[in-house]
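Novice: Okay, so here is my_file-v1.cif, and as you'll see once you scroll down, it has mmCIF, C-alpha atoms.
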data_entry
loop_
_atom_site.label_atom_id
_atom_site.label_comp_id
_atom_site.auth_asym_id
_atom_site.auth_seq_id
_atom_site.Cartn_x
_atom_site.Cartn_y
_atom_site.Cartn_z
CA MET A 226 76.76 100.54 110.42
CA ASN A 227 77.01 104.23 109.64
CA LYS A 228 75.77 107.44 111.24
CA THR A 229 72.45 107.54 109.36
CA GLU A 230 71.63 103.92 110.23
CA ALA A 231 72.63 104.55 113.83
CA MET A 232 70.44 107.66 114.16
CA ASP A 233 67.49 105.75 112.65
CA LEU A 234 68.04 102.86 115.07
CA LEU A 235 68.15 105.23 118.07
CA LYS A 236 64.92 106.89 116.92
CA ASN A 237 63.18 103.53 116.31
CA LYS A 238 64.21 102.33 119.79
CA GLY A 239 62.72 105.48 121.35
CA TYR A 240 65.95 107.26 122.29
CA LYS A 241 66.01 111.04 122.22
CA HIS A 242 67.98 112.75 119.45
CA THR A 243 70.77 114.87 120.93
CA ASP A 244 73.46 116.88 119.23
CA LYS A 245 76.09 115.15 121.40
CA ARG A 246 75.00 111.70 120.22
CA GLU A 247 75.01 112.85 116.62
CA ASP A 248 78.45 114.44 117.00
CA ILE A 249 79.85 111.27 118.62
CA LEU A 250 78.56 109.22 115.70
CA ASP A 251 79.95 111.83 113.27
CA LEU A 252 83.36 111.41 114.86
CA PHE A 253 83.30 107.62 114.36
CA GLU A 254 82.19 108.06 110.75
CA GLN A 255 85.03 110.52 110.06
CA LYS A 256 87.68 108.49 111.90
CA GLY A 257 87.00 105.11 110.29
CA GLY A 258 88.73 103.18 113.07
CA TYR A 259 88.79 102.59 116.80
CA LEU A 260 88.50 105.41 119.35
CA SER A 261 88.65 105.38 123.13
CA ALA A 262 86.21 107.28 125.34
CA LYS A 263 89.07 109.65 126.20
CA GLU A 264 89.71 110.37 122.52
CA VAL A 265 85.99 111.04 121.96
CA GLN A 266 85.88 113.40 124.94
CA LEU A 267 88.96 115.31 123.71
CA ALA A 268 87.56 115.59 120.18
CA LEU A 269 84.26 117.03 121.48
CA LYS A 270 85.62 119.37 124.17
CA ASP A 271 85.63 122.45 121.89
CA SER A 272 81.97 121.98 120.94
CA TYR A 273 80.95 120.86 124.45
CA PRO A 274 83.40 122.39 126.96
CA GLY A 275 81.71 120.77 129.96
CA ILE A 276 81.29 117.28 128.48
CA SER A 277 82.16 114.71 131.11
CA PHE A 278 83.85 111.37 130.67
CA ASP A 279 80.71 109.77 132.19
CA THR A 280 78.48 111.29 129.49
CA VAL A 281 80.77 110.03 126.73
CA TYR A 282 81.10 106.59 128.31
CA ARG A 283 77.31 106.26 128.87
CA ASN A 284 76.66 107.05 125.20
CA LEU A 285 79.35 104.65 124.01
CA SER A 286 77.88 101.94 126.25
CA LEU A 287 74.39 102.58 124.86
CA PHE A 288 75.74 102.43 121.30
CA ARG A 289 77.47 99.14 122.11
CA GLU A 290 74.28 97.65 123.65
CA LEU A 291 72.33 98.62 120.51
CA MET A 292 75.11 97.13 118.33
CA ILE A 293 75.86 100.51 116.77
CA LEU A 294 79.44 100.25 117.99
CA GLU A 295 81.61 97.23 118.65
CA GLU A 296 84.09 97.21 121.48
CA THR A 297 87.49 95.69 122.04
CA GLU A 298 90.27 96.27 124.53
CA LEU A 299 93.77 97.56 123.87
CA ASP A 300 96.28 97.85 126.71
CA GLY A 301 93.47 97.63 129.26
CA GLU A 302 91.42 100.42 127.67
CA LYS A 303 88.11 99.88 125.88
CA ILE A 304 88.07 101.17 122.32
CA TYR A 305 85.13 101.40 119.92
CA GLN A 306 84.31 101.54 116.22
CA PHE A 307 81.15 101.25 114.13
CA HIS A 308 79.71 97.73 114.27
CA CYS A 309 80.44 95.77 111.14
CA THR A 310 77.16 94.56 109.70
CA GLU A 311 78.60 92.71 106.73
CA HIS A 312 79.70 89.07 106.61
CA HIS A 313 81.65 87.35 109.40
CA HIS A 314 85.20 88.66 109.54
CA HIS A 315 88.00 89.85 111.82
CA HIS A 316 90.32 92.87 111.90
CA LEU A 317 93.89 94.04 111.59
CA ILE A 318 94.13 97.00 114.00
CA CYS A 319 96.83 99.69 113.78
CA LEU A 320 98.26 100.41 117.22
CA ASN A 321 99.20 103.94 116.22
CA CYS A 322 96.19 105.41 114.37
CA GLY A 323 93.46 102.86 115.25
CA LYS A 324 92.43 102.24 111.65
CA THR A 325 91.24 98.75 110.86
CA ARG A 326 91.35 96.41 107.89
CA THR A 327 89.03 93.48 107.35
CA VAL A 328 90.42 89.94 107.46
CA ASP A 329 88.08 87.38 105.87
CA VAL A 330 89.95 84.33 107.17
CA CYS A 331 88.65 82.88 110.44
CA PRO A 332 90.79 80.55 112.55
CA MET A 333 87.63 79.08 114.10
CA GLN A 334 86.96 77.04 110.98
CA ASP A 335 89.61 74.53 112.09
CA LEU A 336 88.47 74.29 115.72
CA SER A 337 86.26 71.25 115.13
CA GLN A 338 89.39 69.31 114.21
CA ILE A 339 91.10 70.39 117.45
CA ASP A 340 88.26 69.53 119.85
CA PRO A 341 85.01 68.30 118.27
CA GLU A 342 83.35 68.06 121.72
CA PHE A 343 83.87 71.75 122.54
CA GLN A 344 80.74 73.88 121.97
CA VAL A 345 81.70 77.40 120.88
CA THR A 346 79.30 80.20 121.82
CA GLY A 347 81.34 83.10 120.47
CA HIS A 348 84.83 84.28 119.67
CA LYS A 349 87.01 87.30 119.00
CA PHE A 350 90.12 87.39 116.83
CA GLU A 351 92.12 90.58 116.30
CA ILE A 352 95.60 91.18 114.95
CA TYR A 353 97.55 94.21 116.19
CA GLY A 354 100.39 96.00 114.45
CA TYR A 355 101.15 99.11 112.36
CA CYS A 356 99.58 100.11 109.04
CA LYS A 357 101.86 101.08 106.16
CA ALA A 358 101.34 104.83 106.67
CA CYS A 359 102.16 104.63 110.37
CA GLN A 360 105.18 102.41 109.75
CA LYS A 361 106.50 105.08 107.40
CA LYS A 362 105.71 107.91 109.79
CA LEU A 363 107.12 106.13 112.81
CA SER A 364 110.25 104.91 111.05
CA GLY A 365 111.02 108.56 110.27
CA GLU A 366 110.69 109.32 113.98
CA GLN A 367 112.98 106.40 114.86
CA SER A 368 116.00 108.49 114.12
CA HIS A 369 114.96 110.38 117.29
CA GLU A 370 113.48 107.39 119.15
CA SER A 371 114.41 103.72 119.30
CA THR A 372 111.08 101.87 118.90
CA LEU A 373 107.60 102.05 117.45
CA ARG A 374 105.13 103.08 120.11
CA PRO A 375 101.40 102.42 120.53
CA ARG A 376 99.02 105.34 120.17
CA ALA A 377 98.28 107.35 123.30
#
When written as structure tokens, how does the structure in this file appear?
Specialist:
Amino acid sequence: MNKTEAMDLLKNKGYKHTDKREDILDLFEQKGGYLSAKEVQLALKDSYPGISFDTVYRNLSLFRELMILEETELDGEKIYQFHCTEHHHHHLICLNCGKTRTVDVCPMQDLSQIDPEFQVTGHKFEIYGYCKACQKKLSGEQSHESTLRPRA
């Protein structure tokens, strides 16, 4: 999914075009990784000084319902990125910058050998850690701090 496809989908489903919605989608397109509602609100506060958390969250929820965005949870907080419309895959997720990398291997392929009587209706598999750029950046900060830390 990208911004253009998302805007077309919203229009085809009868949703009103708003600058806020377009700017939220722009942000996801520029970021290329996961963002929280808080991060979206902070990024838009200069353009929309009165934008509320509820407005951001309602739009993110709508985008998730329409499968424009996919959602996961990190440290109890929901985070979002553009929905992947390609083949079935999973993600490596950087805890510092939120960028993702596709993993084509799926551990579910071996499940039938574990319990052939179990009927799977869905699954989620994510691997968390630090991308190479963040490892480098954070290891430079380690001379001042003792451990890598998740993004705020």
Novice: For the provided coordinates, the residues matched by the PyMOL selection byres ((chain A and resi 326) around 6) should be stated as a list in words.
Specialist: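 This file, filtered by the PyMOL selection byres ((chain A and resi 326) around 6), leaves His316, Leu317, Thr325 and Thr327 of chain A.
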Novice: Quick one: which residues end up in the PyMOL selection byres ((chain A and resi 306) around 6) for this structure, as a ChimeraX atom specification?
Specialist: /A:258-259,294-295,305,307
Novice: What does the structure give for the distance between CA of Leu235 in chain A and CA of His313 in chain A, in Å to one decimal?
Specialist: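 Computing it gives 24.0 Å between the two atoms.
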Novice: Which of these, A:Tyr355, A:Tyr273, A:Tyr240, A:Phe350, has the shortest distance to Val330 in chain A once you count only C-alpha atoms?
Specialist: A:Phe350
Novice: From the list A:Leu363, A:Thr346, A:Cys309, A:Lys303, which residue is nearest Cys322 in chain A when using only C-alpha atoms?
Specialist: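 Checking each candidate against Cys322 in chain A, we get A:Leu363 as the closest.
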Novice: Considering only C-alpha atoms, can you say which of A:Cys356, A:Lys245, A:Ile304, A:Gln344 comes closest to Pro274 in chain A?
Specialist: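 With only C-alpha atoms as the atom set, the closest residue is A:Lys245.
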Novice: I'd like the contact shell of Ser286 in chain A - 10 Å cut-off, only C-alpha atoms, skipping same-chain residues fewer than 4 positions apart - returned as a ChimeraX atom specification.
Specialist: /A:262,280-282,290-296,305
Novice: Looking at A:Leu252, A:Ile339, A:Phe288, A:Ser261, which one is nearest to Ala231 in chain A, with distances taken over only C-alpha atoms?
Specialist: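 Under the stated criterion, the closest residue is A:Phe288.
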Novice: Hey, could you pull the box centre and edge lengths for range 331-349 of chain A, axis-aligned, 4 Å padding per side, all listed atoms, to one decimal in Å, as JSON?
Specialist:
{"center_x": 85.2, "center_y": 77.7, "center_z": 116.5, "size_x": 19.8, "size_y": 27.2, "size_z": 20.1}
Novice: Please compute the CA of His314 in chain A-CA of Val265 in chain A distance, one decimal, in Å.
Specialist: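 Between these atoms lies a distance of 25.6 Å.
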Novice: So that I can see what lies close to Arg246 in chain A, please list as a PDB file with C-alpha atoms, keeping the file's coordinate frame the residues with an atom at most 8 Å from it, counting only C-alpha atoms and leaving out residues fewer than 4 positions away in the same chain.
Specialist:
ATOM      1  CA  HIS A 242      67.980 112.750 119.450  1.00  0.00           C
ATOM      2  CA  LEU A 250      78.560 109.220 115.700  1.00  0.00           C
ATOM      3  CA  ASN A 284      76.660 107.050 125.200  1.00  0.00           C
TER       4      ASN A 284
END
Novice: Take CA of Ala358 in chain A and CA of His315 in chain A and report the distance between them in Å, one decimal.
Specialist: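 Separation between CA of Ala358 in chain A and CA of His315 in chain A: 20.7 Å.
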Novice: For Leu299 in chain A, which of A:Pro332, A:Tyr353, A:Lys270, A:Asn237 is the closest residue, counting all atoms listed in the file?
Specialist: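 Going through A:Pro332, A:Tyr353, A:Lys270, A:Asn237 one by one, the smallest distance to Leu299 in chain A is for A:Tyr353.
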Novice: Within 10 Å of Gly354 in chain A, counting all atoms listed in the file, which residues qualify if same-chain residues fewer than 5 places away don't, as a list in words?
Specialist: Leu317, Ile318, Cys319, Leu320, Asn321, Gly323, Cys359, Gln360, Leu373 and Pro375 of chain A
